[in-house]
>>> print(open('protein-v2.tsv').read())   # TSV, C-alpha atoms
chain	number	residue	atom	x	y	z
A	1	MET	CA	52.02	39.25	73.03
A	2	ASN	CA	52.69	42.95	73.00
A	3	GLN	CA	56.30	43.32	71.82
A	4	ASN	CA	56.33	46.98	72.76
A	5	LYS	CA	55.77	46.26	76.41
A	6	ARG	CA	59.07	46.50	78.26
A	7	HIS	CA	59.91	43.55	80.40
A	8	ILE	CA	61.34	44.30	83.85
A	9	SER	CA	63.28	41.48	85.44
A	10	PRO	CA	63.00	40.81	89.22
A	11	ALA	CA	66.62	41.91	89.73
A	12	ARG	CA	66.02	45.20	87.91
A	13	SER	CA	62.83	45.74	89.84
A	14	LEU	CA	64.75	45.33	93.11
A	15	LEU	CA	67.37	47.84	91.94
A	16	LEU	CA	64.73	50.41	91.00
A	17	SER	CA	63.05	49.98	94.39
A	18	ALA	CA	66.36	50.52	96.16
A	19	MET	CA	67.01	53.68	94.09
A	20	ALA	CA	63.54	55.04	94.89
A	21	LEU	CA	64.10	54.38	98.59
A	22	GLY	CA	67.47	56.08	98.47
A	23	LEU	CA	66.00	59.12	96.76
A	24	ALA	CA	63.28	59.38	99.37
A	25	VAL	CA	65.81	59.19	102.20
A	26	GLY	CA	68.03	61.75	100.48
A	27	SER	CA	65.26	64.28	100.09
A	28	SER	CA	64.24	64.05	103.72
A	29	ALA	CA	67.74	64.88	104.98
A	30	VAL	CA	68.15	67.81	107.37
A	31	PRO	CA	68.08	70.95	105.24
A	32	ALA	CA	71.20	73.06	105.17
A	33	ALA	CA	71.20	76.57	106.53
A	34	PRO	CA	70.34	79.17	103.92
A	35	ASP	CA	73.39	80.32	102.06
A	36	ASP	CA	74.61	81.42	98.68
A	37	ASP	CA	75.46	77.98	97.35
A	38	GLY	CA	72.95	77.40	94.61
A	39	TYR	CA	73.65	73.70	94.33
A	40	GLN	CA	73.13	73.18	98.03
A	41	GLN	CA	69.91	75.11	97.89
A	42	GLU	CA	68.60	72.90	95.11
A	43	ALA	CA	68.46	70.03	97.58
A	44	THR	CA	67.04	72.05	100.47
A	45	ALA	CA	63.33	71.44	100.74
A	46	THR	CA	62.47	74.00	103.39
A	47	VAL	CA	64.51	76.89	102.02
A	48	PRO	CA	63.71	77.03	98.34
A	49	GLN	CA	66.31	79.51	97.16
A	50	LYS	CA	64.97	79.97	93.69
A	51	SER	CA	64.01	83.12	91.92
A	52	ALA	CA	60.58	83.90	90.55
A	53	ASN	CA	61.66	82.55	87.17
A	54	GLY	CA	62.64	79.25	88.75
A	55	LEU	CA	66.36	79.62	88.18
A	56	GLY	CA	69.12	79.47	90.78
A	57	PHE	CA	71.71	81.97	91.87
A	58	LYS	CA	73.96	83.95	89.60
A	59	TYR	CA	77.18	85.41	90.92
A	60	LEU	CA	79.16	88.61	90.60
A	61	TRP	CA	82.68	88.03	91.93
A	62	LEU	CA	85.01	90.97	92.46
A	63	ALA	CA	88.64	90.26	93.35
A	64	GLY	CA	90.13	92.40	96.12
A	65	SER	CA	92.86	93.64	93.79
A	66	THR	CA	90.26	95.33	91.57
A	67	PHE	CA	89.00	97.58	94.38
A	68	ILE	CA	90.18	101.17	94.40
A	69	PRO	CA	90.91	103.36	97.43
A	70	VAL	CA	88.29	106.03	98.04
A	71	SER	CA	91.07	108.45	98.97
A	72	SER	CA	94.61	109.13	97.80
A	73	THR	CA	95.66	108.95	101.46
A	74	SER	CA	95.36	105.16	101.37
A	75	GLU	CA	98.55	103.12	101.33
A	76	TYR	CA	98.25	99.50	100.28
A	77	SER	CA	100.13	96.61	98.77
A	78	TYR	CA	99.49	93.46	96.78
A	79	PRO	CA	100.48	90.34	98.75
A	80	GLY	CA	99.25	88.07	95.94
A	81	GLY	CA	96.32	85.83	95.12
A	82	GLY	CA	94.08	88.73	94.11
A	83	CYS	CA	94.22	90.18	97.66
A	84	ILE	CA	95.23	93.63	98.92
A	85	SER	CA	96.60	94.70	102.30
A	86	LYS	CA	96.70	98.10	103.91
A	87	THR	CA	100.22	99.36	104.65
A	88	GLY	CA	99.48	102.75	106.16
A	89	GLY	CA	97.77	106.02	105.40
A	90	SER	CA	94.77	107.61	107.00
A	91	SER	CA	92.03	106.10	104.84
A	92	MET	CA	91.05	102.47	105.20
A	93	LEU	CA	88.18	102.31	102.70
A	94	PHE	CA	88.25	100.67	99.27
A	95	ALA	CA	85.32	100.51	96.88
A	96	HIS	CA	84.08	98.80	93.74
A	97	LYS	CA	80.97	99.59	91.75
A	98	VAL	CA	78.35	96.85	91.54
A	99	MET	CA	76.70	96.54	88.15
A	100	LEU	CA	73.82	94.09	88.43
A	101	PRO	CA	70.98	93.74	85.91
A	102	ALA	CA	67.89	95.88	86.50
A	103	GLY	CA	65.30	93.94	88.45
A	104	ALA	CA	67.80	91.42	89.83
A	105	THR	CA	67.53	90.61	93.52
A	106	ALA	CA	70.76	90.70	95.51
A	107	LYS	CA	70.67	87.96	98.16
A	108	TYR	CA	74.07	87.44	99.77
A	109	VAL	CA	77.57	88.86	99.94
A	110	ARG	CA	80.37	86.40	100.63
A	111	LEU	CA	83.58	88.00	101.90
A	112	TYR	CA	86.94	86.40	101.10
A	113	ALA	CA	89.77	87.43	103.41
A	114	TYR	CA	92.98	86.33	105.02
A	115	ASP	CA	92.74	87.17	108.69
A	116	ASP	CA	95.66	86.49	111.00
A	117	SER	CA	95.19	89.71	112.92
A	118	VAL	CA	94.21	89.54	116.57
A	119	SER	CA	93.34	93.21	116.72
A	120	ASP	CA	91.47	93.94	113.52
A	121	GLU	CA	89.28	92.58	110.75
A	122	VAL	CA	88.09	93.23	107.21
A	123	SER	CA	84.48	94.39	106.87
A	124	VAL	CA	82.51	94.83	103.68
A	125	TYR	CA	79.29	96.73	103.15
A	126	PHE	CA	76.70	96.45	100.39
A	127	THR	CA	75.90	100.13	100.08
A	128	THR	CA	73.47	102.19	98.03
A	129	TYR	CA	73.56	105.96	97.63
A	130	ASN	CA	70.99	108.60	96.78
A	131	ALA	CA	73.70	110.84	95.31
A	132	SER	CA	72.47	113.64	97.55
A	133	GLY	CA	74.44	112.93	100.67
A	134	ALA	CA	72.68	109.85	102.02
A	135	PHE	CA	73.69	106.21	101.90
A	136	ASN	CA	72.26	102.93	103.06
A	137	GLU	CA	74.32	99.94	104.16
A	138	LEU	CA	72.00	97.09	103.34
A	139	THR	CA	74.17	94.33	104.71
A	140	THR	CA	77.62	93.88	106.14
A	141	VAL	CA	79.94	91.01	106.94
A	142	ALA	CA	83.31	90.88	108.69
A	143	SER	CA	86.22	88.47	108.69
A	144	SER	CA	87.14	86.48	111.76
A	145	THR	CA	90.61	85.53	112.94
A	146	THR	CA	91.20	82.11	111.44
A	147	GLY	CA	94.93	82.41	110.85
A	148	GLY	CA	94.52	82.04	107.12
A	149	HIS	CA	92.23	82.31	104.14
A	150	ASP	CA	88.53	81.97	104.76
A	151	SER	CA	85.17	83.16	103.53
A	152	VAL	CA	82.25	84.50	105.56
A	153	LEU	CA	78.65	84.94	104.42
A	154	SER	CA	76.57	88.04	105.07
A	155	PRO	CA	73.04	87.96	106.40
A	156	GLU	CA	70.44	87.52	103.69
A	157	LEU	CA	69.57	90.51	101.54
A	158	ASP	CA	66.47	91.13	99.48
A	159	TYR	CA	67.47	94.14	97.48
A	160	VAL	CA	65.88	94.59	94.08
A	161	VAL	CA	68.29	96.40	91.81
A	162	ASN	CA	67.02	99.63	90.28
A	163	PRO	CA	69.85	101.33	88.40
A	164	GLY	CA	67.65	104.38	87.87
A	165	ALA	CA	67.21	104.93	91.58
A	166	ALA	CA	70.52	104.20	93.29
A	167	PRO	CA	74.12	103.28	92.51
A	168	ILE	CA	75.56	100.35	94.46
A	169	ASN	CA	79.06	99.96	95.84
A	170	ILE	CA	80.76	97.28	97.81
A	171	VAL	CA	82.86	99.14	100.33
A	172	ALA	CA	85.65	97.30	102.10
A	173	ASN	CA	87.06	98.59	105.37
A	174	LEU	CA	90.55	97.18	105.95
A	175	GLY	CA	90.82	98.57	109.47
A	176	SER	CA	94.04	99.77	111.02
A	177	GLN	CA	96.16	96.67	110.55
A	178	ASN	CA	99.02	97.84	108.34
A	179	ASP	CA	100.55	94.59	107.16
A	180	SER	CA	99.69	91.41	105.29
A	181	THR	CA	98.36	89.60	108.35
A	182	LEU	CA	95.05	91.09	107.19
A	183	ARG	CA	94.16	90.81	103.49
A	184	PHE	CA	91.03	91.58	101.57
A	185	CYS	CA	90.62	89.04	98.77
A	186	GLY	CA	87.23	89.94	97.31
A	187	VAL	CA	83.50	89.46	97.48
A	188	ARG	CA	81.05	87.21	95.70
A	189	ILE	CA	77.52	88.55	95.39
A	190	ALA	CA	74.78	85.97	94.91
A	191	TYR	CA	71.73	87.28	93.09
A	192	PHE	CA	68.63	86.21	91.23
A	193	ASP	CA	67.98	87.49	87.76
A	194	ALA	CA	64.88	89.58	87.22
A	195	PRO	CA	61.69	87.56	86.75
A	196	LEU	CA	60.90	86.88	83.12
A	197	PRO	CA	58.21	89.20	81.74
A	198	ASN	CA	54.84	87.54	81.37
A	199	ASN	CA	54.27	88.33	77.72
A	200	ILE	CA	52.59	85.09	76.66
A	201	PHE	CA	49.10	85.81	78.01
A	202	ARG	CA	49.37	89.56	78.30
A	203	ASN	CA	46.37	90.09	76.03
A	204	GLY	CA	44.42	87.06	77.21
A	205	PHE	CA	43.43	84.17	74.97
A	206	GLU	CA	41.43	86.09	72.40
B	1	MET	CA	86.91	146.97	48.50
B	2	LYS	CA	90.03	146.42	50.59
B	3	ASN	CA	87.88	145.90	53.72
B	4	LYS	CA	85.67	143.40	51.96
B	5	LEU	CA	88.72	141.40	50.89
B	6	PHE	CA	90.04	141.43	54.46
B	7	VAL	CA	86.77	140.15	55.95
B	8	THR	CA	86.57	137.43	53.31
B	9	ALA	CA	90.11	136.33	54.15
B	10	ILE	CA	89.27	136.14	57.85
B	11	LEU	CA	86.09	134.14	57.20
B	12	PHE	CA	88.10	131.73	55.02
B	13	PHE	CA	90.92	131.10	57.50
B	14	LEU	CA	88.82	131.10	60.68
B	15	PRO	CA	87.45	127.54	60.24
B	16	LEU	CA	90.93	126.27	59.38
B	17	GLY	CA	92.18	127.72	62.64
B	18	PHE	CA	89.54	125.86	64.62
B	19	THR	CA	90.43	122.50	63.12
B	20	VAL	CA	94.03	122.61	64.27
B	21	ALA	CA	93.55	124.24	67.66
B	22	ALA	CA	93.79	121.90	70.65
B	23	GLU	CA	90.40	121.30	72.24
B	24	VAL	CA	89.91	120.73	75.96
B	25	THR	CA	88.05	117.46	76.50
B	26	SER	CA	87.57	114.81	79.18
B	27	ASP	CA	90.67	113.24	77.72
B	28	GLY	CA	92.80	116.29	78.26
B	29	LEU	CA	93.87	118.26	75.22
B	30	LYS	CA	92.39	116.62	72.15
B	31	GLN	CA	95.00	115.86	69.54
B	32	PRO	CA	94.60	116.93	65.92
B	33	PHE	CA	93.07	114.20	63.77
B	34	GLU	CA	96.39	113.27	62.17
B	35	ALA	CA	97.86	112.41	65.56
B	36	ARG	CA	95.22	109.82	66.45
B	37	PRO	CA	96.55	106.28	66.67
B	38	ILE	CA	96.36	103.92	63.76
B	39	TYR	CA	96.74	100.38	65.02
B	40	ASN	CA	98.81	97.80	63.21
B	41	SER	CA	97.34	94.40	63.92
B	42	ALA	CA	99.76	91.57	64.40
B	43	PRO	CA	100.06	89.15	61.49
B	44	GLY	CA	97.99	86.00	61.73
B	45	ALA	CA	94.42	84.94	61.87
B	46	ASP	CA	92.01	87.13	63.78
B	47	GLU	CA	89.95	85.90	66.70
B	48	ALA	CA	86.92	85.13	64.56
B	49	ALA	CA	88.94	82.69	62.50
B	50	LEU	CA	90.58	81.24	65.57
B	51	SER	CA	87.27	80.49	67.22
B	52	LYS	CA	86.63	76.80	67.65
B	53	ALA	CA	82.94	77.33	68.30
B	54	THR	CA	80.23	77.71	65.71
B	55	THR	CA	78.02	79.99	67.80
B	56	ALA	CA	78.02	83.76	67.74
B	57	GLY	CA	80.92	85.65	69.24
B	58	PHE	CA	80.81	88.65	71.53
B	59	TYR	CA	83.28	91.27	72.65
B	60	GLN	CA	83.89	93.10	75.89
B	61	PHE	CA	86.22	96.02	75.30
B	62	ILE	CA	87.94	97.70	78.27
B	63	ALA	CA	90.06	100.83	77.85
B	64	GLY	CA	93.53	100.82	79.37
B	65	SER	CA	92.77	103.85	81.50
B	66	ALA	CA	89.99	101.89	83.27
B	67	PHE	CA	92.60	99.58	84.82
B	68	ASN	CA	93.58	100.26	88.43
B	69	PRO	CA	96.95	99.95	90.18
B	70	ARG	CA	97.35	97.06	92.61
B	71	THR	CA	99.48	99.06	95.05
B	72	SER	CA	99.72	102.62	96.30
B	73	THR	CA	103.46	102.79	95.72
B	74	GLN	CA	103.44	102.42	91.94
B	75	THR	CA	103.40	105.33	89.52
B	76	VAL	CA	100.57	105.57	87.00
B	77	SER	CA	100.54	108.07	84.15
B	78	TYR	CA	98.02	108.93	81.47
B	79	PRO	CA	99.49	109.62	78.04
B	80	GLY	CA	95.99	110.19	76.60
B	81	ALA	CA	93.48	108.49	74.32
B	82	GLY	CA	92.46	105.90	76.93
B	83	CYS	CA	95.99	104.52	77.24
B	84	THR	CA	97.90	104.10	80.48
B	85	PHE	CA	101.37	103.38	81.80
B	86	SER	CA	102.52	102.11	85.17
B	87	ASP	CA	105.79	100.84	86.63
B	88	ALA	CA	103.93	97.91	88.22
B	89	ASN	CA	100.98	95.72	87.37
B	90	LEU	CA	97.55	97.15	86.59
B	91	THR	CA	94.35	95.14	86.77
B	92	THR	CA	90.59	95.19	86.23
B	93	ASP	CA	87.74	92.80	86.86
B	94	VAL	CA	86.02	91.01	83.99
B	95	GLN	CA	82.34	90.06	84.15
B	96	LEU	CA	81.23	87.55	81.52
B	97	PRO	CA	78.05	85.45	81.39
B	98	ASP	CA	78.13	82.12	83.17
B	99	GLY	CA	78.78	79.30	80.72
B	100	ALA	CA	80.29	81.57	78.07
B	101	VAL	CA	83.47	80.25	76.48
B	102	LEU	CA	86.39	82.64	76.76
B	103	GLU	CA	88.32	82.33	73.51
B	104	GLY	CA	90.95	85.03	73.74
B	105	ILE	CA	91.94	88.65	74.19
B	106	ARG	CA	93.16	91.20	71.69
B	107	PHE	CA	95.27	93.75	73.50
B	108	PHE	CA	96.06	97.18	72.17
B	109	TYR	CA	99.28	98.96	72.99
B	110	TYR	CA	101.90	101.45	71.90
B	111	ASP	CA	105.53	100.45	71.57
B	112	ALA	CA	107.96	102.36	69.39
B	113	GLY	CA	111.05	100.39	70.35
B	114	GLY	CA	113.38	100.16	73.29
B	115	THR	CA	113.59	97.44	75.87
B	116	GLY	CA	110.59	95.52	77.01
B	117	GLY	CA	107.01	95.56	75.85
B	118	VAL	CA	103.53	95.01	77.22
B	119	THR	CA	102.47	91.74	78.84
B	120	ILE	CA	98.87	90.72	79.44
B	121	TYR	CA	97.41	87.98	81.64
B	122	MET	CA	93.93	86.53	81.94
B	123	THR	CA	93.75	85.29	85.51
B	124	THR	CA	91.27	83.71	87.89
B	125	TYR	CA	91.24	83.78	91.70
B	126	ASP	CA	89.41	81.45	94.05
B	127	GLY	CA	89.32	83.98	96.90
B	128	LEU	CA	91.49	81.72	99.05
B	129	GLY	CA	94.85	82.94	97.84
B	130	ASN	CA	95.15	80.75	94.74
B	131	TYR	CA	95.32	81.95	91.17
B	132	THR	CA	95.38	80.48	87.68
B	133	ASP	CA	96.70	82.25	84.62
B	134	ILE	CA	94.34	81.09	81.89
B	135	GLY	CA	96.55	82.80	79.35
B	136	ALA	CA	99.49	85.19	79.13
B	137	VAL	CA	101.42	86.76	76.29
B	138	GLY	CA	103.91	89.52	75.68
B	139	SER	CA	103.83	92.03	72.84
B	140	THR	CA	106.15	91.50	69.88
B	141	LEU	CA	105.64	94.57	67.69
B	142	GLU	CA	107.50	97.86	67.94
B	143	THR	CA	105.66	99.80	65.29
B	144	GLY	CA	103.84	102.39	67.36
B	145	TYR	CA	100.20	101.61	68.02
B	146	SER	CA	99.63	97.88	67.57
B	147	SER	CA	97.38	95.06	68.65
B	148	GLU	CA	97.96	91.36	69.16
B	149	TYR	CA	95.74	88.42	70.02
B	150	LEU	CA	96.13	86.10	72.97
B	151	ASP	CA	94.49	82.84	71.93
B	152	ILE	CA	93.06	80.83	74.82
B	153	ASP	CA	93.04	77.26	73.60
B	154	PRO	CA	91.10	75.31	74.66
B	155	GLY	CA	88.49	77.91	75.44
B	156	HIS	CA	87.76	78.50	79.11
B	157	VAL	CA	84.17	77.99	80.29
B	158	VAL	CA	83.22	80.88	82.56
B	159	ASP	CA	82.13	79.84	86.07
B	160	ASN	CA	81.30	82.92	88.12
B	161	GLY	CA	80.40	80.84	91.15
B	162	SER	CA	83.92	79.43	91.45
B	163	ASN	CA	86.24	82.18	90.25
B	164	ALA	CA	86.84	85.88	90.09
B	165	TYR	CA	88.09	86.89	86.64
B	166	VAL	CA	90.61	89.67	86.06
B	167	VAL	CA	92.90	90.96	83.36
B	168	ILE	CA	96.38	92.02	84.50
B	169	VAL	CA	98.76	94.07	82.42
B	170	ASN	CA	102.40	95.01	82.77
B	171	THR	CA	103.92	97.93	80.87
B	172	ASN	CA	107.59	98.66	80.38
B	173	SER	CA	109.26	102.02	79.97
B	174	GLY	CA	108.24	103.76	76.77
B	175	THR	CA	105.16	101.61	76.20
B	176	ARG	CA	101.48	102.31	76.73
B	177	PHE	CA	98.61	99.93	77.30
B	178	CYS	CA	95.50	101.12	75.47
B	179	GLY	CA	92.91	98.43	76.05
B	180	ALA	CA	91.84	94.80	76.06
B	181	ARG	CA	89.11	93.34	73.87
B	182	ILE	CA	87.88	90.05	75.28
B	183	TYR	CA	86.37	87.62	72.80
B	184	TYR	CA	83.88	84.98	73.96
B	185	VAL	CA	81.15	82.78	72.53
B	186	GLN	CA	77.84	81.63	74.00
>>> encode(input="protein-v2.tsv", output="structure tokens")
Amino acid sequence: MNQNKRHISPARSLLLSAMALGLAVGSSAVPAAPDDDGYQQEATATVPQKSANGLGFKYLWLAGSTFIPVSSTSEYSYPGGGCISKTGGSSMLFAHKVMLPAGATAKYVRLYAYDDSVSDEVSVYFTTYNASGAFNELTTVASSTTGGHDSVLSPELDYVVNPGAAPINIVANLGSQNDSTLRFCGVRIAYFDAPLPNNIFRNGFE
Amino acid sequence: MKNKLFVTAILFFLPLGFTVAAEVTSDGLKQPFEARPIYNSAPGADEAALSKATTAGFYQFIAGSAFNPRTSTQTVSYPGAGCTFSDANLTTDVQLPDGAVLEGIRFFYYDAGGTGGVTIYMTTYDGLGNYTDIGAVGSTLETGYSSEYLDIDPGHVVDNGSNAYVVIVNTNSGTRFCGARIYYVQ
């Protein structure tokens, strides 16, 4: 008798069959809508949100309190929790530089805001510049009145970062609401790292 | 002969004059070498010795003047050499690799006495109004330019998908905040 052969009891066999069945059912579940949640995407068969190197999302998260006004005419306060609110002034724009690795692909911008304003909203823009007077807003997302804290996801991006070609900013527009019923709490950018260089077979097999 | 002596004297003193003259730089008027800060590190083990991990350590060093005010009503001044002062909290974002272990922060400041010092916080936000202070410490030295280490124990594993990371600093009258050096391992 081969002692190395593993013996599987009927009970264990039944358990393994049940697990296999469960796995099959799990993988055929209705796929979630595409979003920036890497873990959710791992289980989504029809929307394989993986980069060319097979890895999932990375994130760059910028708190609202680390954004700076683009003009000294901005008036703003800190209501807490990493958020900022406009309190007056003529400028409503705040910006933060986006430093992503060269070759990375920016995919989504998730806006975090507190919106209890019936008249206004927070909008953010993923913007590139040519440093010669032109800019390009590659995606935008706005808050909706939920009466509290919430996050909203932008449409999908496919921007390959080229630091030699264009600087990137996230620009937040806090509108004309001048109190803490409207707060900008930050953005989370989901991106893929640059594909790994194919150095292994660069010179063939010789 | 007299003229030759005069020219020689000028040539001798000219370079000396240049070394003490204030130079206009991006930092304002550059101070003479003697006036540059010499930091006195706080007594105790340094971050390398405090590290619980056996893997290599890395630094991310952010100058005080790179911090931004959190409100438009606070006053911010620039005393020079990358240092800053404000009458309310200053902050900056921190971007560390996912999975890195945040071990601590050495903060650099100036305090020559008087009331109050410099306080530093390492804080996370979840974007939904909640925050966690991973670590916080106030300065204890009043010997001019100094540095002290905020030990984060146990180390905090960086999760960029769940948190925004910031450093917050509070300066009191007569003090200056000159920078934060974040220490992490991978």
>>> atom_distance(input="protein-v2.tsv", atom1="atom CA of B:Thr171", atom2="atom CA of B:Tyr59")
23.2 Å
>>> closest_residue(input="protein-v2.tsv", among="A:Ser90, A:Thr139, A:Ser85, A:Asn178", to="A:Tyr108", atoms="only C-alpha atoms")
A:Thr139
>>> closest_atom_pairs(input="protein-v2.tsv", of="chain B", to="chain A", cutoff="8 Å", atoms="all atoms listed in the file", output="JSON lines")
{"residue": "B:Asn68", "atom": "CA", "partner": "A:Thr66", "partner_atom": "CA", "distance": 6.7}
{"residue": "B:Arg70", "atom": "CA", "partner": "A:Ser65", "partner_atom": "CA", "distance": 5.8}
{"residue": "B:Thr71", "atom": "CA", "partner": "A:Ser77", "partner_atom": "CA", "distance": 4.5}
{"residue": "B:Ser72", "atom": "CA", "partner": "A:Glu75", "partner_atom": "CA", "distance": 5.2}
{"residue": "B:Thr73", "atom": "CA", "partner": "A:Glu75", "partner_atom": "CA", "distance": 7.5}
{"residue": "B:Thr91", "atom": "CA", "partner": "A:Thr66", "partner_atom": "CA", "distance": 6.3}
{"residue": "B:Thr92", "atom": "CA", "partner": "A:Thr66", "partner_atom": "CA", "distance": 5.4}
{"residue": "B:Asp93", "atom": "CA", "partner": "A:Thr66", "partner_atom": "CA", "distance": 5.9}
{"residue": "B:Gln95", "atom": "CA", "partner": "A:Leu60", "partner_atom": "CA", "distance": 7.3}
{"residue": "B:Asp98", "atom": "CA", "partner": "A:Lys58", "partner_atom": "CA", "distance": 7.9}
{"residue": "B:Tyr125", "atom": "CA", "partner": "A:Gly82", "partner_atom": "CA", "distance": 6.2}
{"residue": "B:Gly127", "atom": "CA", "partner": "A:Tyr112", "partner_atom": "CA", "distance": 5.4}
{"residue": "B:Leu128", "atom": "CA", "partner": "A:His149", "partner_atom": "CA", "distance": 5.2}
{"residue": "B:Gly129", "atom": "CA", "partner": "A:Gly81", "partner_atom": "CA", "distance": 4.2}
{"residue": "B:Asn130", "atom": "CA", "partner": "A:Gly81", "partner_atom": "CA", "distance": 5.2}
{"residue": "B:Tyr131", "atom": "CA", "partner": "A:Gly81", "partner_atom": "CA", "distance": 5.6}
{"residue": "B:Asn160", "atom": "CA", "partner": "A:Tyr59", "partner_atom": "CA", "distance": 5.6}
{"residue": "B:Gly161", "atom": "CA", "partner": "A:Tyr59", "partner_atom": "CA", "distance": 5.6}
{"residue": "B:Asn163", "atom": "CA", "partner": "A:Trp61", "partner_atom": "CA", "distance": 7.1}
{"residue": "B:Ala164", "atom": "CA", "partner": "A:Trp61", "partner_atom": "CA", "distance": 5.0}
{"residue": "B:Tyr165", "atom": "CA", "partner": "A:Ala63", "partner_atom": "CA", "distance": 7.5}
{"residue": "B:Val166", "atom": "CA", "partner": "A:Ala63", "partner_atom": "CA", "distance": 7.6}
>>> closest_residue(input="protein-v2.tsv", among="A:Ser91, A:Thr105, A:Thr146, A:Thr128", to="A:Ala194", atoms="only C-alpha atoms")
A:Thr105
>>> atom_distance(input="protein-v2.tsv", atom1="atom CA of B:Thr175", atom2="atom CA of B:Glu148")
14.4 Å
>>> residues_around(input="protein-v2.tsv", residues="B:Phe58", least_positions_apart="4", cutoff="9 Å", atoms="only C-alpha atoms", output="count of residues only")
5
>>> atom_distance(input="protein-v2.tsv", atom1="atom CA of A:Leu196", atom2="atom CA of A:Ala106")
16.3 Å
>>> closest_residue(input="protein-v2.tsv", among="A:Ser144, A:Ser154, A:Asn130, A:Ser123", to="A:Val171", atoms="all atoms listed in the file")
A:Ser123
>>> closest_residue(input="protein-v2.tsv", among="A:Glu121, A:Thr127, A:Ala134, A:Leu157", to="A:Lys97", atoms="all atoms listed in the file")
A:Thr127
>>> residues_around(input="protein-v2.tsv", residues="B:Gly80", least_positions_apart="2", cutoff="8 Å", atoms="only C-alpha atoms", output="list in words")
Asp27, Gly28, Tyr78, Gly82, Cys83 and Thr84 of chain B
>>> write_last_selection(input="protein-v2.tsv", atoms="C-alpha atoms", output="PDB file, keeping the file's coordinate frame")
ATOM      1  CA  ASP B  27      90.670 113.240  77.720  1.00  0.00           C
ATOM      2  CA  GLY B  28      92.800 116.290  78.260  1.00  0.00           C
ATOM      3  CA  TYR B  78      98.020 108.930  81.470  1.00  0.00           C
ATOM      4  CA  GLY B  82      92.460 105.900  76.930  1.00  0.00           C
ATOM      5  CA  CYS B  83      95.990 104.520  77.240  1.00  0.00           C
ATOM      6  CA  THR B  84      97.900 104.100  80.480  1.00  0.00           C
TER       7      THR B  84
END
